[in-house]
$ cat final18.pdb   # PDB, C-alpha atoms and all ligand atoms
MODEL        1
ATOM      1  CA  MET A   1     -30.072  50.439   3.210
ATOM      2  CA  LYS A   2     -32.552  51.633   5.816
ATOM      3  CA  ALA A   3     -34.287  49.803   8.639
ATOM      4  CA  SER A   4     -37.559  48.004   7.912
ATOM      5  CA  ALA A   5     -40.752  49.672   9.185
ATOM      6  CA  PHE A   6     -41.293  49.598  12.939
ATOM      7  CA  ALA A   7     -43.560  51.148  15.548
ATOM      8  CA  TYR A   8     -41.959  53.523  18.049
ATOM      9  CA  THR A   9     -42.826  54.594  21.571
ATOM     10  CA  ARG A  10     -41.109  56.561  24.331
ATOM     11  CA  ALA A  11     -41.755  54.825  27.609
ATOM     12  CA  THR A  12     -40.809  54.671  31.258
ATOM     13  CA  SER A  13     -43.241  52.898  33.559
ATOM     14  CA  VAL A  14     -45.073  51.099  30.727
ATOM     15  CA  ALA A  15     -41.853  49.847  29.112
ATOM     16  CA  LEU A  16     -42.019  46.517  30.934
ATOM     17  CA  GLU A  17     -45.665  45.920  29.958
ATOM     18  CA  LEU A  18     -44.789  46.638  26.315
ATOM     19  CA  LEU A  19     -41.839  44.243  26.390
ATOM     20  CA  ALA A  20     -43.960  41.547  28.044
ATOM     21  CA  ALA A  21     -46.694  41.985  25.409
ATOM     22  CA  HIS A  22     -44.374  41.963  22.368
ATOM     23  CA  GLY A  23     -41.678  39.509  23.486
ATOM     24  CA  ASP A  24     -38.658  39.364  21.179
ATOM     25  CA  ARG A  25     -40.536  41.357  18.481
ATOM     26  CA  ALA A  26     -39.759  44.480  20.565
ATOM     27  CA  LYS A  27     -36.360  46.071  21.187
ATOM     28  CA  VAL A  28     -35.279  48.586  23.775
ATOM     29  CA  LEU A  29     -33.541  51.701  22.455
ATOM     30  CA  SER A  30     -30.964  53.510  24.584
ATOM     31  CA  GLY A  31     -28.312  55.484  22.666
ATOM     32  CA  GLY A  32     -29.012  53.649  19.400
ATOM     33  CA  GLN A  33     -25.297  53.459  18.544
ATOM     34  CA  SER A  34     -25.372  49.681  18.110
ATOM     35  CA  LEU A  35     -29.082  49.015  17.581
ATOM     36  CA  ILE A  36     -29.694  51.479  14.723
ATOM     37  CA  PRO A  37     -26.695  50.331  12.594
ATOM     38  CA  ALA A  38     -27.835  46.710  13.088
ATOM     39  CA  MET A  39     -31.378  47.656  12.020
ATOM     40  CA  ASN A  40     -30.121  49.615   9.011
ATOM     41  CA  LEU A  41     -28.189  46.527   7.905
ATOM     42  CA  ARG A  42     -31.389  44.538   8.588
ATOM     43  CA  LEU A  43     -29.486  42.188  10.864
ATOM     44  CA  ILE A  44     -32.457  42.668  13.182
ATOM     45  CA  CYS A  45     -35.964  43.835  12.251
ATOM     46  CA  PRO A  46     -37.949  44.597  15.430
ATOM     47  CA  GLU A  47     -41.628  45.516  15.047
ATOM     48  CA  LEU A  48     -41.608  47.877  18.032
ATOM     49  CA  ILE A  49     -38.895  50.153  19.414
ATOM     50  CA  VAL A  50     -39.271  51.143  23.075
ATOM     51  CA  ASP A  51     -37.198  54.281  23.649
ATOM     52  CA  LEU A  52     -36.222  54.562  27.325
ATOM     53  CA  VAL A  53     -36.439  58.040  28.805
ATOM     54  CA  ASP A  54     -35.121  57.992  32.364
ATOM     55  CA  LEU A  55     -32.626  55.934  34.437
ATOM     56  CA  ARG A  56     -29.758  58.391  33.955
ATOM     57  CA  GLY A  57     -27.078  59.495  36.430
ATOM     58  CA  VAL A  58     -24.332  58.409  38.832
ATOM     59  CA  GLY A  59     -25.285  58.202  42.529
ATOM     60  CA  VAL A  60     -23.496  57.166  45.717
ATOM     61  CA  LYS A  61     -25.170  54.845  48.258
ATOM     62  CA  GLY A  62     -22.774  54.250  51.164
ATOM     63  CA  ASP A  63     -19.671  52.795  49.535
ATOM     64  CA  ILE A  64     -21.471  51.747  46.341
ATOM     65  CA  LEU A  65     -21.685  53.694  43.078
ATOM     66  CA  SER A  66     -25.076  53.302  41.432
ATOM     67  CA  ILE A  67     -25.101  54.091  37.704
ATOM     68  CA  GLY A  68     -28.407  54.403  35.841
ATOM     69  CA  ALA A  69     -28.592  52.381  32.617
ATOM     70  CA  LEU A  70     -29.102  55.481  30.452
ATOM     71  CA  THR A  71     -25.959  57.186  31.729
ATOM     72  CA  ARG A  72     -24.009  58.067  28.599
ATOM     73  CA  HIS A  73     -20.340  57.236  28.068
ATOM     74  CA  VAL A  74     -19.523  60.962  28.164
ATOM     75  CA  ASP A  75     -21.294  61.299  31.543
ATOM     76  CA  LEU A  76     -19.083  58.516  32.951
ATOM     77  CA  GLN A  77     -15.997  60.201  31.525
ATOM     78  CA  ARG A  78     -16.862  63.497  33.251
ATOM     79  CA  SER A  79     -18.147  62.099  36.553
ATOM     80  CA  PRO A  80     -16.042  63.041  39.614
ATOM     81  CA  GLU A  81     -17.541  60.059  41.481
ATOM     82  CA  ILE A  82     -16.338  57.636  38.800
ATOM     83  CA  ALA A  83     -12.890  59.265  38.757
ATOM     84  CA  ALA A  84     -12.616  58.986  42.550
ATOM     85  CA  HIS A  85     -14.086  55.530  43.139
ATOM     86  CA  ALA A  86     -13.827  53.583  39.854
ATOM     87  CA  PRO A  87     -10.855  55.059  37.974
ATOM     88  CA  LEU A  88     -10.533  51.887  35.866
ATOM     89  CA  LEU A  89     -13.874  52.746  34.253
ATOM     90  CA  ARG A  90     -12.819  56.350  33.612
ATOM     91  CA  ASP A  91      -9.625  55.155  31.878
ATOM     92  CA  ALA A  92     -11.519  52.609  29.771
ATOM     93  CA  ILE A  93     -14.212  54.994  28.526
ATOM     94  CA  GLY A  94     -11.670  57.047  26.580
ATOM     95  CA  HIS A  95     -11.135  53.963  24.373
ATOM     96  CA  VAL A  96     -14.843  53.487  23.552
ATOM     97  CA  ALA A  97     -15.376  54.718  19.998
ATOM     98  CA  HIS A  98     -15.292  58.483  19.324
ATOM     99  CA  PRO A  99     -16.843  61.582  20.950
ATOM    100  CA  ALA A 100     -19.952  61.541  18.722
ATOM    101  CA  ILE A 101     -20.733  57.971  19.792
ATOM    102  CA  ARG A 102     -19.813  58.575  23.439
ATOM    103  CA  ASN A 103     -22.280  61.488  23.445
ATOM    104  CA  ARG A 104     -25.179  59.105  22.665
ATOM    105  CA  GLY A 105     -24.100  55.610  23.722
ATOM    106  CA  THR A 106     -25.029  54.452  27.220
ATOM    107  CA  ILE A 107     -23.624  52.040  29.768
ATOM    108  CA  GLY A 108     -26.870  50.034  29.771
ATOM    109  CA  GLY A 109     -26.844  49.727  25.986
ATOM    110  CA  SER A 110     -23.203  48.702  25.925
ATOM    111  CA  LEU A 111     -23.647  46.003  28.584
ATOM    112  CA  ALA A 112     -26.924  44.690  27.132
ATOM    113  CA  ASN A 113     -25.313  44.589  23.677
ATOM    114  CA  ALA A 114     -22.456  42.413  25.050
ATOM    115  CA  ASP A 115     -20.051  42.856  22.165
ATOM    116  CA  PRO A 116     -17.042  40.666  23.037
ATOM    117  CA  ALA A 117     -14.688  43.467  21.933
ATOM    118  CA  SER A 118     -16.342  46.085  24.180
ATOM    119  CA  GLU A 119     -14.393  47.679  26.985
ATOM    120  CA  LEU A 120     -17.196  48.163  29.505
ATOM    121  CA  PRO A 121     -18.248  44.513  30.052
ATOM    122  CA  ALA A 122     -14.641  43.617  30.941
ATOM    123  CA  CYS A 123     -14.419  46.551  33.373
ATOM    124  CA  MET A 124     -17.655  45.458  35.050
ATOM    125  CA  VAL A 125     -16.228  41.981  35.666
ATOM    126  CA  ALA A 126     -12.880  43.376  36.883
ATOM    127  CA  LEU A 127     -14.642  45.739  39.291
ATOM    128  CA  GLY A 128     -16.988  43.080  40.674
ATOM    129  CA  ALA A 129     -20.081  44.990  39.482
ATOM    130  CA  THR A 130     -23.673  43.966  40.115
ATOM    131  CA  ILE A 131     -26.109  44.274  37.215
ATOM    132  CA  VAL A 132     -29.649  45.271  38.205
ATOM    133  CA  ALA A 133     -32.422  44.003  35.899
ATOM    134  CA  ARG A 134     -36.141  44.743  36.148
ATOM    135  CA  GLY A 135     -38.997  42.679  34.745
ATOM    136  CA  CYS A 136     -42.736  42.487  35.397
ATOM    137  CA  GLY A 137     -41.972  40.172  38.340
ATOM    138  CA  GLY A 138     -39.688  42.728  40.018
ATOM    139  CA  GLU A 139     -35.946  43.336  40.215
ATOM    140  CA  ARG A 140     -33.086  40.855  40.263
ATOM    141  CA  ARG A 141     -29.369  41.375  40.749
ATOM    142  CA  MET A 142     -26.591  39.462  39.027
ATOM    143  CA  ALA A 143     -22.824  39.461  39.389
ATOM    144  CA  ALA A 144     -21.290  40.816  36.162
ATOM    145  CA  GLU A 145     -19.288  37.578  35.963
ATOM    146  CA  ARG A 146     -22.519  35.655  35.331
ATOM    147  CA  PHE A 147     -24.235  38.322  33.206
ATOM    148  CA  PHE A 148     -22.264  37.934  29.954
ATOM    149  CA  THR A 149     -23.084  34.535  28.483
ATOM    150  CA  GLY A 150     -21.760  34.685  24.893
ATOM    151  CA  ILE A 151     -21.296  36.831  21.771
ATOM    152  CA  TYR A 152     -24.053  39.483  22.030
ATOM    153  CA  GLU A 153     -25.712  37.309  24.679
ATOM    154  CA  THR A 154     -26.539  38.109  28.288
ATOM    155  CA  ALA A 155     -28.581  36.672  31.134
ATOM    156  CA  LEU A 156     -31.350  39.255  30.430
ATOM    157  CA  SER A 157     -34.626  37.894  29.091
ATOM    158  CA  PRO A 158     -36.334  39.809  26.220
ATOM    159  CA  GLN A 159     -38.916  41.019  28.783
ATOM    160  CA  GLU A 160     -36.316  42.515  31.134
ATOM    161  CA  LEU A 161     -34.627  45.897  31.241
ATOM    162  CA  LEU A 162     -31.153  46.515  32.513
ATOM    163  CA  VAL A 163     -31.893  49.445  34.835
ATOM    164  CA  ALA A 164     -28.658  50.066  36.746
ATOM    165  CA  VAL A 165     -25.149  48.945  37.561
ATOM    166  CA  GLU A 166     -23.699  48.946  41.069
ATOM    167  CA  LEU A 167     -19.964  49.209  41.658
ATOM    168  CA  PRO A 168     -18.178  48.835  45.003
ATOM    169  CA  PHE A 169     -15.789  51.719  45.766
ATOM    170  CA  ALA A 170     -12.171  50.935  44.952
ATOM    171  CA  GLN A 171     -10.567  49.705  48.196
ATOM    172  CA  LYS A 172      -7.567  51.106  50.047
ATOM    173  CA  HIS A 173      -4.246  50.083  48.415
ATOM    174  CA  SER A 174      -6.016  49.278  45.156
ATOM    175  CA  ALA A 175      -4.495  49.847  41.739
ATOM    176  CA  HIS A 176      -5.829  49.462  38.228
ATOM    177  CA  PHE A 177      -4.593  48.960  34.672
ATOM    178  CA  PHE A 178      -6.297  49.360  31.328
ATOM    179  CA  LYS A 179      -4.812  48.805  27.889
ATOM    180  CA  GLU A 180      -6.006  47.617  24.522
ATOM    181  CA  PHE A 181      -4.519  46.985  21.118
ATOM    182  CA  ALA A 182      -6.608  48.419  18.269
ATOM    183  CA  ARG A 183      -5.748  49.409  14.722
ATOM    184  CA  ARG A 184      -6.646  53.050  15.460
ATOM    185  CA  HIS A 185      -7.581  54.758  18.719
ATOM    186  CA  GLY A 186     -11.371  54.424  19.087
ATOM    187  CA  ASP A 187     -11.666  51.253  16.992
ATOM    188  CA  TYR A 188     -12.938  48.091  18.615
ATOM    189  CA  ALA A 189     -10.025  46.293  20.301
ATOM    190  CA  ILE A 190      -8.117  43.352  18.827
ATOM    191  CA  ALA A 191      -7.181  42.377  22.390
ATOM    192  CA  GLY A 192      -7.574  44.265  25.654
ATOM    193  CA  LEU A 193      -7.182  43.978  29.410
ATOM    194  CA  GLY A 194      -8.901  45.694  32.334
ATOM    195  CA  ALA A 195      -7.373  44.884  35.723
ATOM    196  CA  GLN A 196      -8.108  45.740  39.336
ATOM    197  CA  ALA A 197      -5.638  44.804  42.080
ATOM    198  CA  ILE A 198      -5.068  45.208  45.793
ATOM    199  CA  LEU A 199      -1.430  45.643  46.724
ATOM    200  CA  ASN A 200       0.278  44.482  49.894
ATOM    201  CA  HIS A 201       3.682  46.203  49.694
ATOM    202  CA  ASP A 202       5.420  44.555  46.710
ATOM    203  CA  GLN A 203       2.926  41.698  46.272
ATOM    204  CA  PHE A 204      -0.649  41.294  45.086
ATOM    205  CA  ALA A 205      -3.222  40.627  47.804
ATOM    206  CA  ASP A 206      -5.857  40.361  45.050
ATOM    207  CA  LEU A 207      -5.663  40.529  41.256
ATOM    208  CA  ARG A 208      -8.593  40.499  38.827
ATOM    209  CA  LEU A 209      -7.404  40.353  35.219
ATOM    210  CA  VAL A 210     -10.219  40.532  32.676
ATOM    211  CA  PHE A 211      -9.319  40.090  29.017
ATOM    212  CA  PHE A 212     -11.668  41.205  26.241
ATOM    213  CA  ALA A 213     -11.778  40.799  22.452
ATOM    214  CA  VAL A 214     -10.044  37.438  22.882
ATOM    215  CA  SER A 215     -13.056  35.261  23.616
ATOM    216  CA  GLU A 216     -16.839  35.169  23.238
ATOM    217  CA  ARG A 217     -17.205  37.061  26.521
ATOM    218  CA  PRO A 218     -14.941  38.776  29.065
ATOM    219  CA  VAL A 219     -12.445  36.300  30.574
ATOM    220  CA  LEU A 220     -11.606  36.595  34.275
ATOM    221  CA  ALA A 221      -8.202  34.927  34.101
ATOM    222  CA  GLY A 222      -7.620  32.071  36.520
ATOM    223  CA  ALA A 223      -3.861  32.422  35.843
ATOM    224  CA  ALA A 224      -3.900  35.591  37.987
ATOM    225  CA  ARG A 225      -4.234  33.426  41.115
ATOM    226  CA  MET A 226      -0.629  32.256  40.643
ATOM    227  CA  LEU A 227       0.566  35.826  41.157
ATOM    228  CA  VAL A 228      -1.317  36.522  44.394
ATOM    229  CA  ASN A 229       0.397  36.425  47.818
ATOM    230  CA  ALA A 230       3.713  35.468  46.220
ATOM    231  CA  PRO A 231       6.882  37.326  45.229
ATOM    232  CA  VAL A 232       6.484  37.902  41.482
ATOM    233  CA  THR A 233       9.673  36.794  39.767
ATOM    234  CA  PRO A 234      10.213  36.668  35.979
ATOM    235  CA  ALA A 235       9.991  32.848  36.267
ATOM    236  CA  LEU A 236       6.639  32.995  38.057
ATOM    237  CA  LEU A 237       5.301  35.496  35.531
ATOM    238  CA  SER A 238       6.388  33.202  32.666
ATOM    239  CA  LYS A 239       4.534  30.347  34.338
ATOM    240  CA  ALA A 240       1.393  32.481  34.691
ATOM    241  CA  SER A 241       1.764  33.574  31.063
ATOM    242  CA  ARG A 242       1.865  29.951  29.881
ATOM    243  CA  ALA A 243      -1.177  29.156  32.026
ATOM    244  CA  LEU A 244      -2.994  32.142  30.489
ATOM    245  CA  GLY A 245      -2.163  30.910  26.991
ATOM    246  CA  GLU A 246      -3.682  27.522  27.802
ATOM    247  CA  GLU A 247      -6.739  29.077  29.413
ATOM    248  CA  LEU A 248      -7.686  31.339  26.487
ATOM    249  CA  ASP A 249      -9.527  30.062  23.434
ATOM    250  CA  PRO A 250      -9.383  33.113  21.133
ATOM    251  CA  TYR A 251     -11.601  33.538  18.082
ATOM    252  CA  GLU A 252     -10.521  34.369  14.553
ATOM    253  CA  ASP A 253     -11.797  37.340  12.529
ATOM    254  CA  GLN A 254     -10.538  39.720   9.829
ATOM    255  CA  GLN A 255      -8.387  41.533  12.408
ATOM    256  CA  ALA A 256      -6.383  38.720  14.013
ATOM    257  CA  SER A 257      -5.735  35.001  14.231
ATOM    258  CA  PRO A 258      -6.157  33.088  17.517
ATOM    259  CA  ALA A 259      -2.336  32.858  17.831
ATOM    260  CA  MET A 260      -1.972  36.635  17.489
ATOM    261  CA  ARG A 261      -4.688  37.278  20.074
ATOM    262  CA  ARG A 262      -3.084  34.794  22.489
ATOM    263  CA  HIS A 263       0.293  36.518  22.023
ATOM    264  CA  LEU A 264      -1.215  39.988  22.576
ATOM    265  CA  ALA A 265      -2.941  38.798  25.748
ATOM    266  CA  LYS A 266       0.423  37.602  27.103
ATOM    267  CA  VAL A 267       2.019  40.953  26.247
ATOM    268  CA  LEU A 268      -0.823  42.697  28.094
ATOM    269  CA  LEU A 269      -0.332  40.429  31.111
ATOM    270  CA  ALA A 270       3.377  41.272  31.347
ATOM    271  CA  ARG A 271       2.796  45.015  30.910
ATOM    272  CA  CYS A 272      -0.015  45.004  33.443
ATOM    273  CA  VAL A 273       1.908  43.176  36.177
ATOM    274  CA  SER A 274       4.973  45.328  35.528
ATOM    275  CA  ALA A 275       2.929  48.552  35.760
ATOM    276  CA  LEU A 276       0.923  47.555  38.841
ATOM    277  CA  LEU A 277       4.030  46.492  40.792
ATOM    278  CA  SER A 278       6.193  49.309  39.337
ATOM    279  CA  ARG A 279       8.660  46.649  38.149
ATOM    280  CA  PRO A 280      10.002  47.579  34.674
ATOM    281  CA  ASP A 281      12.053  44.342  34.693
ATOM    282  CA  LEU A 282       8.809  42.339  34.298
ATOM    283  CA  ALA A 283       7.533  44.220  31.228
ATOM    284  CA  VAL A 284       9.245  41.979  28.683
ATOM    285  CA  GLY A 285      10.189  38.363  28.343
ATOM    286  CA  ALA A 286       7.162  36.591  29.767
ATOM    287  CA  THR A 287       5.328  36.024  26.520
ATOM    288  CA  ASN A 288       6.566  32.586  25.418
TER     289      ASN A 288
HETATM  290  C1  LIG B 301     -18.568  53.448  14.693
HETATM  291  C2  LIG B 301     -18.818  52.847  16.052
HETATM  292  C3  LIG B 301     -17.720  52.489  16.830
HETATM  293  C4  LIG B 301     -17.919  51.930  18.102
HETATM  294  N1  LIG B 301     -16.814  51.578  18.828
HETATM  295  C5  LIG B 301     -16.982  51.014  20.043
HETATM  296  C6  LIG B 301     -15.868  50.623  20.839
HETATM  297  O1  LIG B 301     -14.699  50.816  20.489
HETATM  298  N2  LIG B 301     -16.122  50.035  22.045
HETATM  299  C7  LIG B 301     -17.401  49.811  22.493
HETATM  300  O2  LIG B 301     -17.572  49.279  23.592
HETATM  301  N3  LIG B 301     -18.470  50.196  21.776
HETATM  302  C8  LIG B 301     -18.306  50.788  20.575
HETATM  303  N4  LIG B 301     -19.398  51.170  19.846
HETATM  304  C9  LIG B 301     -20.759  50.914  20.420
HETATM  305  C10 LIG B 301     -21.161  52.039  21.348
HETATM  306  O3  LIG B 301     -20.341  52.041  22.501
HETATM  307  C11 LIG B 301     -22.629  51.886  21.805
HETATM  308  O4  LIG B 301     -22.920  53.011  22.522
HETATM  309  C12 LIG B 301     -22.990  50.720  22.693
HETATM  310  O5  LIG B 301     -22.549  49.501  22.257
HETATM  311  C13 LIG B 301     -24.511  50.570  22.746
HETATM  312  O6  LIG B 301     -25.021  51.542  23.548
HETATM  313  P1  LIG B 301     -26.350  52.299  23.125
HETATM  314  O7  LIG B 301     -26.783  53.047  24.351
HETATM  315  O8  LIG B 301     -26.128  53.046  21.889
HETATM  316  O9  LIG B 301     -27.367  51.058  22.928
HETATM  317  P2  LIG B 301     -28.430  50.783  21.765
HETATM  318  O10 LIG B 301     -27.757  50.780  20.427
HETATM  319  O11 LIG B 301     -29.625  51.652  21.943
HETATM  320  O12 LIG B 301     -28.836  49.279  22.166
HETATM  321  C14 LIG B 301     -27.915  48.206  21.988
HETATM  322  C15 LIG B 301     -28.638  46.872  22.317
HETATM  323  O13 LIG B 301     -28.908  46.787  23.721
HETATM  324  C16 LIG B 301     -30.336  46.720  23.969
HETATM  325  N5  LIG B 301     -30.566  47.602  25.122
HETATM  326  C17 LIG B 301     -30.202  48.912  25.197
HETATM  327  N6  LIG B 301     -30.467  49.381  26.427
HETATM  328  C18 LIG B 301     -31.005  48.363  27.141
HETATM  329  C19 LIG B 301     -31.470  48.224  28.488
HETATM  330  N7  LIG B 301     -31.424  49.246  29.353
HETATM  331  N8  LIG B 301     -31.981  47.032  28.885
HETATM  332  C20 LIG B 301     -32.021  45.992  28.023
HETATM  333  N9  LIG B 301     -31.575  46.046  26.740
HETATM  334  C21 LIG B 301     -31.079  47.219  26.309
HETATM  335  C22 LIG B 301     -31.011  47.212  22.683
HETATM  336  O14 LIG B 301     -32.307  46.688  22.523
HETATM  337  C23 LIG B 301     -30.022  46.727  21.634
HETATM  338  O15 LIG B 301     -30.214  45.365  21.370
HETATM  339  C24 LIG B 301     -19.248  51.738  18.593
HETATM  340  C25 LIG B 301     -20.348  52.128  17.814
HETATM  341  C26 LIG B 301     -20.146  52.670  16.552
HETATM  342  C27 LIG B 301     -21.364  53.075  15.746
ENDMDL
END

$ encode --input "final18.pdb" --output "structure tokens"
Amino acid sequence: MKASAFAYTRATSVALELLAAHGDRAKVLSGGQSLIPAMNLRLICPELIVDLVDLRGVGVKGDILSIGALTRHVDLQRSPEIAAHAPLLRDAIGHVAHPAIRNRGTIGGSLANADPASELPACMVALGATIVARGCGGERRMAAERFFTGIYETALSPQELLVAVELPFAQKHSAHFFKEFARRHGDYAIAGLGAQAILNHDQFADLRLVFFAVSERPVLAGAARMLVNAPVTPALLSKASRALGEELDPYEDQQASPAMRRHLAKVLLARCVSALLSRPDLAVGATN
């Protein structure tokens, strides 16, 4: 099947006027790697496609990385600034689909699409990113934690563009972890975890654990607080694991049951804490 008929325009400065005039009958096009398949399946039938043509690149402003919405996944993967200051993002990008899709797909498109199984939304929450949106009334900034509101839902209005993402530089003594379970490398995850930590010798001074593909949106786990500023023993990790299990409310699909997703999240928690603290003894046994 092919998409239904639509009007098409390439736009920069007039994009906002077009979106304001057409409301939810218009759709923004970035890399097209999610939008075009959805149109071809006629899951959505926009009357107007507004193809964005600028907003690309990674810049540094003080100790903030500013990433234009049209920056492609492959650009993030190759960026020395991302590797130096947001290595969690660099590690995650390698799990997003395949090279052909990473050559077209963009960070703005991925975040605006808000697929619950996507890697990048979880990384944005773990890294404490700020999402920059622009509408006819001007710009507004939102913490990534508040941006993702549900399955394919964000805090953007149909008249707004996501124009950039701002990431604070990784701090001194920080460490990160990224892992996902998928049927094949490059498939959407069945369960995944992006984590950013600050270490104080053999303890966590801060720990942001963000699980994806287990809920309608990225989950910043409250259970992580139990592991901060405390010696992490197997007993404490088991307690945090149980708290995580109670906190998550996983969905069911063709790939996994809620019980399987909950179990995989606990396995990820144990592997993450073990890796970040370089404690192989913690890698197993905390999944009950
Ligand atoms: C076979 C396949 C496998 C994939 N596997 C994965 C995977 O494992 N992990 C993963 O994360 N993704 C995966 N993807 C999706 C891919 O990463 C897309 O690149 C991404 O989801 C959308 O980015 P895009 O730039 O192509 O956006 P588009 O498809 O152009 O747009 C997606 C949606 O966001 C809106 N939008 C786009 N840009 C903006 C903006 N700046 N402001 C406001 N709204 C905007 C569009 O209107 C549309 O609704 C896969 C895609 C395919 C086809």

$ closest_residue --input "final18.pdb" --among "A:Glu17, A:Glu160, A:Asp91, A:Glu246" --to "ligand LIG 301 (chain B)" --atoms "all atoms listed in the file"
A:Glu160

$ residues_near_ligand --input "final18.pdb" --ligand "ligand LIG 301 (chain B)" --cutoff "7 Å" --atoms "all atoms listed in the file" --output "ChimeraX atom specification"
/A:27-37,69-70,95-98,101-102,104-110,112-113,117-120,160-163,186-189

$ closest_residue --input "final18.pdb" --among "A:Asp115, A:Gln171, A:Arg134, A:Ala7" --to "Pro158 in chain A" --atoms "only C-alpha atoms"
A:Arg134

$ resolve_selection --input "final18.pdb" --expression "the PyMOL selection byres (((chain A and resi 197-212) around 9) and not hetatm)" --output "PyMOL selection string"
chain A and resi 116-119+121-123+125-128+171-177+180+189-196+213-225+227-232+265+268-269+272+276-278

$ closest_residue --input "final18.pdb" --among "A:Asp281, A:Glu47, A:Asp24, A:Glu166" --to "Val132 in chain A" --atoms "all atoms listed in the file"
A:Glu166

$ atom_distance --input "final18.pdb" --atom1 "CA of Val58 in chain A" --atom2 "CA of His85 in chain A"
11.5 Å

$ atom_distance --input "final18.pdb" --atom1 "CA of Arg10 in chain A" --atom2 "CA of Asp51 in chain A"
4.6 Å

$ residues_near_point --input "final18.pdb" --point "(-42.5, 39.2, 20.6)" --cutoff "12 Å" --atoms "only C-alpha atoms" --output "ChimeraX atom specification"
/A:17-27,45-49,157-159

$ atom_distance --input "final18.pdb" --atom1 "CA of Thr71 in chain A" --atom2 "CA of Ala15 in chain A"
17.7 Å

$ residues_around --input "final18.pdb" --residues "Met142 in chain A" --least-positions-apart "6" --cutoff "9 Å" --atoms "all atoms listed in the file" --output "ChimeraX atom specification"
/A:129-133,155

$ decode --input "final18.pdb" --residues "range 248-259 of chain A" --atoms "N, CA, C and O atoms" --output "CSV table (one decimal), in the first residue's frame"
chain,number,residue,atom,x,y,z
A,248,LEU,N,7.5,-1.0,38.2
A,248,LEU,CA,7.3,-1.1,36.8
A,248,LEU,C,5.9,-1.6,36.5
A,248,LEU,O,5.4,-2.5,37.3
A,249,ASP,N,5.3,-1.2,35.5
A,249,ASP,CA,4.0,-1.7,35.0
A,249,ASP,C,4.1,-2.1,33.6
A,249,ASP,O,3.5,-1.3,32.7
A,250,PRO,N,4.8,-3.1,33.2
A,250,PRO,CA,5.2,-3.4,31.8
A,250,PRO,C,3.9,-3.7,31.0
A,250,PRO,O,2.9,-4.3,31.5
A,251,TYR,N,4.1,-3.4,29.7
A,251,TYR,CA,3.0,-3.8,28.7
A,251,TYR,C,3.2,-5.1,28.1
A,251,TYR,O,4.3,-5.7,28.2
A,252,GLU,N,2.2,-5.6,27.4
A,252,GLU,CA,2.3,-6.9,26.8
A,252,GLU,C,2.2,-6.7,25.3
A,252,GLU,O,1.5,-5.8,24.8
A,253,ASP,N,3.1,-7.4,24.5
A,253,ASP,CA,2.9,-7.3,23.0
A,253,ASP,C,3.4,-8.7,22.5
A,253,ASP,O,3.6,-9.6,23.3
A,254,GLN,N,3.6,-8.8,21.1
A,254,GLN,CA,3.9,-10.1,20.6
A,254,GLN,C,5.3,-10.6,21.0
A,254,GLN,O,5.6,-11.7,21.0
A,255,GLN,N,6.1,-9.6,21.5
A,255,GLN,CA,7.5,-10.0,21.9
A,255,GLN,C,7.7,-10.5,23.3
A,255,GLN,O,8.5,-11.3,23.5
A,256,ALA,N,6.9,-10.0,24.2
A,256,ALA,CA,7.1,-10.4,25.6
A,256,ALA,C,5.9,-10.1,26.5
A,256,ALA,O,5.1,-9.2,26.2
A,257,SER,N,5.8,-10.9,27.5
A,257,SER,CA,4.7,-10.7,28.5
A,257,SER,C,5.2,-9.7,29.6
A,257,SER,O,6.4,-9.4,29.7
A,258,PRO,N,4.3,-9.1,30.4
A,258,PRO,CA,4.8,-8.2,31.4
A,258,PRO,C,5.7,-8.9,32.4
A,258,PRO,O,6.7,-8.2,32.8
A,259,ALA,N,5.5,-10.1,32.7
A,259,ALA,CA,6.4,-10.8,33.7
A,259,ALA,C,7.8,-10.9,33.1
A,259,ALA,O,8.8,-10.8,33.8
